[in-house]
Amino acid sequence: MNEGAVHDLAMRAAEALLMSSAPLLAVLFVIAVLVGLVQSVLQLQDAAIGFVPKLLALGGGIVFFGGFILDQLQGFLGRSLLILAGGH
């Protein structure tokens with residue numbers, strides 16, 4: 001395997017990582033901001049209050065975006081195997 005193939009594989013791995021994690025990170029970011037606003041308005045300082053909504057949102061995000069994430073990872077695996085086998 002030449003240097004170009006290694007570079008291509010690394011770029012595709014980074015792309016697959018970003019594409020598969022972005023939906024869940026976006027959901028968690030929105031929930032974290034909303035929970036933070038609610039906690040600041042109600043002056044609640046307990047960290048456990050913010051944990052449950054984030055956990056539920058993560059579970060919902062996995063259910064909702066799971067197919068997309070699996071498609072991204074499956075596409076990455078297929079392209080990686082082609083690169084490793086010597087085809088492009």
# chains A, B, ... in the order shown; residues from 1 in each chain; ligands from 1
>>> residues_around(residues="Glu15 of chain A", least_positions_apart="5", cutoff="9 Å", atoms="only C-alpha atoms", output="PDB file with C-alpha atoms, in the first residue's frame")
ATOM      1  CA  ALA A  10      -6.996   8.462   6.742  1.00  0.00           C
ATOM      2  CA  SER A  20     -21.352   9.674  11.894  1.00  0.00           C
ATOM      3  CA  PHE A  76     -16.490   3.767   4.910  1.00  0.00           C
TER       4      PHE A  76
END
>>> closest_atom_pairs(of="segment 5-37 of chain A", to="segment 63-71 of chain A", cutoff="10 Å", atoms="only C-alpha atoms", output="tab-separated table")
residue	atom	partner	partner_atom	distance
A:Ala16	CA	A:Ile69	CA	8.9
A:Leu17	CA	A:Ile69	CA	9.5
A:Met19	CA	A:Ile69	CA	7.7
A:Ser20	CA	A:Ile69	CA	4.8
A:Ser21	CA	A:Ile69	CA	7.7
A:Ala22	CA	A:Ile69	CA	9.4
A:Pro23	CA	A:Phe65	CA	7.0
A:Leu24	CA	A:Phe65	CA	7.7
>>> residues_around(residues="Val52 of chain A", least_positions_apart="4", cutoff="12 Å", atoms="only C-alpha atoms", output="list of chain:residue names")
A:Leu28, A:Ile31, A:Ala32, A:Val35, A:Asp46, A:Ala47, A:Ala48, A:Leu56, A:Ala57, A:Leu58, A:Gly59
>>> residues_around(residues="Leu77 of chain A", least_positions_apart="4", cutoff="10 Å", atoms="only C-alpha atoms", output="list in words")
Arg12, Ala13, Ala16, Asp71, Gln72, Leu73, Leu81, Leu82 and Ile83 of chain A
>>> atom_distance(atom1="atom CA of Gln39 of chain A", atom2="atom CA of Leu55 of chain A")
16.5 Å
>>> atom_distance(atom1="atom CA of Leu25 of chain A", atom2="atom CA of Leu37 of chain A")
18.2 Å
>>> closest_residue(among="A:Gly86, A:Asn2, A:Phe51, A:Gln74", to="Gly36 of chain A", atoms="only C-alpha atoms")
A:Phe51
